[in-house]
file data_3.tsv (TSV, C-alpha atoms)
chain	number	residue	atom	x	y	z
Z	1	MET	CA	73.84	-13.27	-50.57
Z	2	ALA	CA	70.23	-13.19	-51.69
Z	3	ASP	CA	68.93	-10.36	-53.85
Z	4	ARG	CA	66.50	-8.90	-51.30
Z	5	LEU	CA	68.19	-6.95	-48.51
Z	6	GLY	CA	65.64	-8.22	-46.00
Z	7	SER	CA	67.02	-11.73	-46.36
Z	8	TRP	CA	70.62	-10.72	-45.62
Z	9	THR	CA	72.17	-11.23	-42.22
Z	10	VAL	CA	73.30	-8.18	-40.28
Z	11	GLY	CA	76.88	-9.28	-40.90
Z	12	GLU	CA	76.30	-9.46	-44.66
Z	13	LEU	CA	74.73	-5.99	-44.65
Z	14	LEU	CA	77.60	-4.51	-42.70
Z	15	GLU	CA	80.15	-6.17	-44.96
Z	16	ALA	CA	78.38	-5.01	-48.12
Z	17	THR	CA	77.94	-1.41	-46.98
Z	18	SER	CA	81.63	-1.16	-46.09
Z	19	SER	CA	82.87	-2.75	-49.31
Z	20	SER	CA	84.08	-1.01	-52.46
Z	21	GLN	CA	80.81	-1.89	-54.25
Z	22	PRO	CA	78.41	1.01	-54.84
Z	23	THR	CA	75.37	-0.84	-53.49
Z	24	PRO	CA	73.87	-1.05	-51.00
Z	25	GLY	CA	74.71	2.61	-50.58
Z	26	GLY	CA	73.35	5.59	-48.68
Z	27	GLY	CA	69.81	5.35	-50.00
Z	28	SER	CA	69.40	1.68	-49.13
Z	29	ALA	CA	71.12	2.09	-45.77
Z	30	SER	CA	68.81	5.02	-44.94
Z	31	CYS	CA	65.76	2.95	-45.88
Z	32	LEU	CA	66.98	0.10	-43.69
Z	33	ALA	CA	67.54	2.48	-40.77
Z	34	GLY	CA	64.00	3.80	-41.29
Z	35	ALA	CA	62.65	0.23	-41.35
Z	36	LEU	CA	64.43	-0.41	-38.05
Z	37	GLY	CA	62.88	2.75	-36.62
Z	38	ALA	CA	59.39	1.72	-37.74
Z	39	GLY	CA	59.96	-1.75	-36.28
Z	40	LEU	CA	61.11	-0.31	-32.98
Z	41	LEU	CA	57.99	1.85	-32.88
Z	42	ALA	CA	55.83	-1.25	-33.53
Z	43	MET	CA	57.59	-3.07	-30.70
Z	44	ALA	CA	57.00	-0.20	-28.27
Z	45	LEU	CA	53.34	-0.08	-29.28
Z	46	ARG	CA	52.88	-3.84	-28.88
Z	47	ILE	CA	54.47	-3.86	-25.44
Z	48	SER	CA	52.43	-0.80	-24.43
Z	49	GLN	CA	49.24	-2.53	-25.56
Z	50	LYS	CA	50.09	-5.58	-23.47
Z	51	LYS	CA	51.15	-3.66	-20.35
Z	52	ALA	CA	48.38	-1.06	-20.32
Z	53	ALA	CA	45.55	-3.09	-21.87
Z	54	ARG	CA	45.05	-0.43	-24.55
Z	55	ASP	CA	43.97	-1.10	-28.09
Z	56	LEU	CA	46.95	0.03	-30.13
Z	57	ALA	CA	46.33	-2.30	-33.06
Z	58	ARG	CA	45.88	0.48	-35.63
Z	59	PRO	CA	49.12	2.39	-34.96
Z	60	THR	CA	50.99	-0.91	-34.58
Z	61	GLU	CA	49.71	-2.15	-37.94
Z	62	ALA	CA	50.59	1.19	-39.53
Z	63	ALA	CA	54.15	0.98	-38.17
Z	64	LEU	CA	54.50	-2.59	-39.46
Z	65	GLN	CA	53.21	-1.63	-42.91
Z	66	LEU	CA	55.63	1.29	-43.04
Z	67	GLN	CA	58.46	-1.00	-41.98
Z	68	ALA	CA	57.67	-3.35	-44.89
Z	69	SER	CA	57.39	-0.42	-47.28
Z	70	LEU	CA	60.77	0.96	-46.21
Z	71	LEU	CA	62.40	-2.43	-46.62
Z	72	ALA	CA	60.98	-2.57	-50.16
Z	73	CYS	CA	62.33	0.95	-50.78
Z	74	ALA	CA	65.81	-0.28	-49.84
Z	75	ASP	CA	65.61	-2.88	-52.60
Z	76	ARG	CA	64.14	-0.39	-55.07
Z	77	ASP	CA	66.98	2.02	-54.31
Z	78	ARG	CA	69.53	-0.64	-55.27
Z	79	GLN	CA	67.59	-1.38	-58.46
Z	80	ALA	CA	67.32	2.31	-59.35
Z	81	PHE	CA	71.06	2.80	-58.93
Z	82	SER	CA	71.79	-0.28	-61.03
Z	83	ALA	CA	69.52	1.11	-63.77
Z	84	TYR	CA	71.38	4.43	-63.60
Z	85	LEU	CA	74.74	2.68	-63.94
Z	86	ALA	CA	73.48	0.65	-66.90
Z	87	ALA	CA	72.14	3.80	-68.58
Z	88	SER	CA	75.46	5.59	-68.10
Z	89	LYS	CA	77.19	2.86	-70.11
Z	90	LEU	CA	74.88	3.07	-73.14
Z	91	PRO	CA	76.30	4.40	-76.41
Z	92	GLY	CA	75.62	7.79	-78.00
Z	93	PRO	CA	72.02	8.76	-78.66
Z	94	GLU	CA	70.50	6.10	-76.39
Z	95	ARG	CA	72.41	7.31	-73.37
Z	96	GLY	CA	70.77	10.73	-72.75
Z	97	PRO	CA	67.12	9.63	-72.59
Z	98	ALA	CA	67.99	6.46	-70.64
Z	99	LEU	CA	70.09	8.43	-68.19
Z	100	ARG	CA	67.29	10.95	-67.61
Z	101	ALA	CA	64.74	8.17	-67.03
Z	102	ALA	CA	67.09	6.35	-64.66
Z	103	ALA	CA	67.94	9.56	-62.78
Z	104	LEU	CA	64.24	10.28	-62.34
Z	105	GLY	CA	63.73	6.82	-60.86
Z	106	ALA	CA	66.78	7.22	-58.65
Z	107	ALA	CA	65.40	10.51	-57.31
Z	108	GLN	CA	61.84	9.25	-56.82
Z	109	VAL	CA	62.77	6.25	-54.66
Z	110	PRO	CA	64.28	8.32	-51.83
Z	111	LEU	CA	61.32	10.70	-52.00
Z	112	GLN	CA	58.97	7.74	-51.56
Z	113	ALA	CA	61.07	6.48	-48.65
Z	114	ALA	CA	61.04	9.95	-47.05
Z	115	ARG	CA	57.24	10.02	-47.38
Z	116	GLN	CA	57.04	6.68	-45.58
Z	117	MET	CA	59.38	7.89	-42.84
Z	118	THR	CA	57.28	11.04	-42.45
Z	119	LEU	CA	54.18	8.89	-41.99
Z	120	ALA	CA	55.99	6.73	-39.43
Z	121	LEU	CA	57.06	9.85	-37.55
Z	122	TRP	CA	53.43	11.02	-37.58
Z	123	VAL	CA	52.33	7.64	-36.14
Z	124	ALA	CA	55.02	7.99	-33.46
Z	125	ARG	CA	53.87	11.50	-32.58
Z	126	GLN	CA	50.19	10.55	-32.48
Z	127	SER	CA	50.83	7.56	-30.23
Z	128	ALA	CA	53.47	9.17	-27.98
Z	129	GLY	CA	51.08	9.63	-25.07
Z	130	LEU	CA	50.03	5.97	-25.26
Z	131	ILE	CA	53.51	4.50	-24.89
Z	132	HIS	CA	54.15	2.69	-21.63
Z	133	PRO	CA	56.99	4.26	-19.59
Z	134	ALA	CA	58.92	0.97	-19.69
Z	135	VAL	CA	59.39	1.35	-23.46
Z	136	SER	CA	59.46	5.13	-23.77
Z	137	SER	CA	63.18	5.05	-24.64
Z	138	ASP	CA	62.42	2.59	-27.46
Z	139	ALA	CA	59.72	4.86	-28.86
Z	140	GLU	CA	62.04	7.86	-28.58
Z	141	GLY	CA	64.83	5.91	-30.26
Z	142	ALA	CA	62.43	4.96	-33.06
Z	143	LYS	CA	61.64	8.62	-33.60
Z	144	TYR	CA	65.32	9.56	-33.80
Z	145	LEU	CA	66.09	6.67	-36.16
Z	146	LEU	CA	63.24	7.68	-38.44
Z	147	ALA	CA	64.18	11.38	-38.42
Z	148	GLY	CA	67.86	10.70	-39.09
Z	149	ALA	CA	67.07	8.17	-41.80
Z	150	GLY	CA	64.64	10.62	-43.37
Z	151	ARG	CA	67.23	13.38	-43.51
Z	152	ALA	CA	69.83	10.95	-44.86
Z	153	VAL	CA	67.63	9.50	-47.59
Z	154	LEU	CA	66.77	12.97	-48.85
Z	155	CYS	CA	70.47	13.53	-49.63
Z	156	ASN	CA	69.98	10.97	-52.40
Z	157	VAL	CA	67.45	13.15	-54.21
Z	158	GLU	CA	69.78	16.06	-54.99
Z	159	ILE	CA	72.58	13.85	-56.31
Z	160	ASN	CA	70.25	12.45	-58.99
Z	161	LEU	CA	68.80	15.70	-60.30
Z	162	GLY	CA	71.69	16.66	-62.63
Z	163	PRO	CA	70.53	14.87	-65.80
Z	164	LEU	CA	66.90	15.97	-65.40
Z	165	ASP	CA	65.01	18.77	-67.08
Z	166	GLN	CA	65.21	21.91	-64.91
Z	167	GLN	CA	61.44	22.05	-64.34
Z	168	ILE	CA	61.27	18.42	-63.19
Z	169	ALA	CA	64.35	18.91	-61.03
Z	170	ALA	CA	62.77	21.99	-59.43
Z	171	GLN	CA	59.58	20.05	-58.63
Z	172	LEU	CA	61.55	17.22	-57.05
Z	173	ARG	CA	63.71	19.68	-55.12
Z	174	SER	CA	60.57	21.39	-53.83
Z	175	GLU	CA	59.18	18.08	-52.58
Z	176	GLN	CA	62.56	17.25	-51.06
Z	177	GLN	CA	62.46	20.54	-49.11
Z	178	ARG	CA	58.85	20.03	-48.02
Z	179	LEU	CA	59.57	16.51	-46.75
Z	180	GLY	CA	62.75	17.66	-45.04
Z	181	ASP	CA	60.80	20.36	-43.21
Z	182	LEU	CA	58.14	17.85	-42.14
Z	183	ILE	CA	60.74	15.37	-40.93
Z	184	GLU	CA	62.45	18.12	-38.98
Z	185	ARG	CA	59.20	19.14	-37.26
Z	186	LEU	CA	57.95	15.61	-36.55
Z	187	GLY	CA	61.36	14.37	-35.44
Z	188	ARG	CA	61.65	16.80	-32.52

call {"tool": "encode", "arguments": {"input": "data_3.tsv", "output": "structure tokens"}}
result
Amino acid sequence: MADRLGSWTVGELLEATSSSQPTPGGGSASCLAGALGAGLLAMALRISQKKAARDLARPTEAALQLQASLLACADRDRQAFSAYLAASKLPGPERGPALRAAALGAAQVPLQAARQMTLALWVARQSAGLIHPAVSSDAEGAKYLLAGAGRAVLCNVEINLGPLDQQIAAQLRSEQQRLGDLIERLGR
């Protein structure tokens, strides 16, 4: 399998996520689900533009950019976890600082993904009235995929806060809560 998740087949992704290997794990899977949601939103917008002769280029482009960003987050999540594992194997005095740096990275990636999913949910909400009835279920499905993926990816923040300084952990936890609240509101 290639290194970038976007080049894997669906079968390879399913096999890898159900294996005994730690990656791709929950963070990457959540990012991929969010990328699917953003893609589904782009599809609904494109079809709506064609059927209703509306100019939906801006929200479509935004959804496509968010899809690409979420796919990149899936790869970054795998890299962040690999860095955390490597840091956990370092000897003595090197281990603590490396583990804190890796934990910070491993907490920041899901926050970035959640921000992207929040933006995609905002695009979905703003364009909801422009969606053609023939693809309304696709747009609604996109919203639910994005909201569920957003909630799931935020679970990966808390698990990485342990090695961090309490003040940094509190700041990250606060952003996690804020994003969770936004996702909850936008995902309705």

call {"tool": "closest_atom_pairs", "arguments": {"input": "data_3.tsv", "of": "range 92-180 of chain Z", "to": "range 31-38 of chain Z", "cutoff": "7 Å", "atoms": "all atoms listed in the file", "output": "Markdown table"}}
result
| residue | atom | partner | partner_atom | distance |
| --- | --- | --- | --- | --- |
| Z:Ala113 | CA | Z:Cys31 | CA | 6.5 |
| Z:Met117 | CA | Z:Gly34 | CA | 6.4 |
| Z:Ala120 | CA | Z:Ala38 | CA | 6.3 |
| Z:Ala142 | CA | Z:Gly37 | CA | 4.2 |
| Z:Lys143 | CA | Z:Gly37 | CA | 6.7 |
| Z:Leu145 | CA | Z:Gly37 | CA | 5.1 |
| Z:Leu146 | CA | Z:Gly34 | CA | 4.9 |
| Z:Ala149 | CA | Z:Gly34 | CA | 5.4 |

call {"tool": "atom_distance", "arguments": {"input": "data_3.tsv", "atom1": "CA of Glu140 in chain Z", "atom2": "CA of Ala44 in chain Z"}}
result
9.5 Å

call {"tool": "atom_distance", "arguments": {"input": "data_3.tsv", "atom1": "CA of Pro59 in chain Z", "atom2": "CA of Ile183 in chain Z"}}
result
18.4 Å

call {"tool": "atom_distance", "arguments": {"input": "data_3.tsv", "atom1": "CA of Asp77 in chain Z", "atom2": "CA of Val109 in chain Z"}}
result
6.0 Å

call {"tool": "residues_around", "arguments": {"input": "data_3.tsv", "residues": "Gly26 in chain Z", "least_positions_apart": "6", "cutoff": "12 Å", "atoms": "only C-alpha atoms", "output": "CSV table (one decimal) with C-alpha atoms, in the frame of the given file"}}
result
chain,number,residue,atom,x,y,z
Z,16,ALA,CA,78.4,-5.0,-48.1
Z,17,THR,CA,77.9,-1.4,-47.0
Z,18,SER,CA,81.6,-1.2,-46.1
Z,32,LEU,CA,67.0,0.1,-43.7
Z,33,ALA,CA,67.5,2.5,-40.8
Z,74,ALA,CA,65.8,-0.3,-49.8
Z,77,ASP,CA,67.0,2.0,-54.3
Z,78,ARG,CA,69.5,-0.6,-55.3
Z,81,PHE,CA,71.1,2.8,-58.9
Z,110,PRO,CA,64.3,8.3,-51.8
Z,149,ALA,CA,67.1,8.2,-41.8
Z,150,GLY,CA,64.6,10.6,-43.4
Z,151,ARG,CA,67.2,13.4,-43.5
Z,152,ALA,CA,69.8,11.0,-44.9
Z,153,VAL,CA,67.6,9.5,-47.6
Z,154,LEU,CA,66.8,13.0,-48.8
Z,155,CYS,CA,70.5,13.5,-49.6
Z,156,ASN,CA,70.0,11.0,-52.4
Z,157,VAL,CA,67.4,13.2,-54.2
Z,159,ILE,CA,72.6,13.8,-56.3

call {"tool": "closest_residue", "arguments": {"input": "data_3.tsv", "among": "Z:Arg100, Z:His132, Z:Arg188, Z:Lys50", "to": "Ala169 in chain Z", "atoms": "only C-alpha atoms"}}
result
Z:Arg100

call {"tool": "residues_around", "arguments": {"input": "data_3.tsv", "residues": "Ala86 in chain Z", "least_positions_apart": "5", "cutoff": "12 Å", "atoms": "all atoms listed in the file", "output": "NGL selection string"}}
result
:Z and (79-81 or 91 or 94-96 or 98-99 or 101-103)

call {"tool": "residues_around", "arguments": {"input": "data_3.tsv", "residues": "Arg46 in chain Z", "least_positions_apart": "4", "cutoff": "8 Å", "atoms": "all atoms listed in the file", "output": "list in words"}}
result
Ala42, Lys50, Leu56, Ala57 and Thr60 of chain Z

call {"tool": "residues_around", "arguments": {"input": "data_3.tsv", "residues": "Gly6 in chain Z", "least_positions_apart": "3", "cutoff": "9 Å", "atoms": "all atoms listed in the file", "output": "number ranges by chain"}}
result
Z: 2-3, 9, 32, 71-72, 74-75

call {"tool": "residues_around", "arguments": {"input": "data_3.tsv", "residues": "range 172-182 of chain Z", "least_positions_apart": "2", "cutoff": "8 Å", "atoms": "only C-alpha atoms", "output": "NGL selection string"}}
result
:Z and (107-108 or 111 or 114-115 or 118 or 150-151 or 154 or 157-158 or 168-170 or 184-186)

call {"tool": "closest_residue", "arguments": {"input": "data_3.tsv", "among": "Z:Leu121, Z:Leu130, Z:Leu85, Z:Leu70", "to": "Tyr144 in chain Z", "atoms": "all atoms listed in the file"}}
result
Z:Leu121
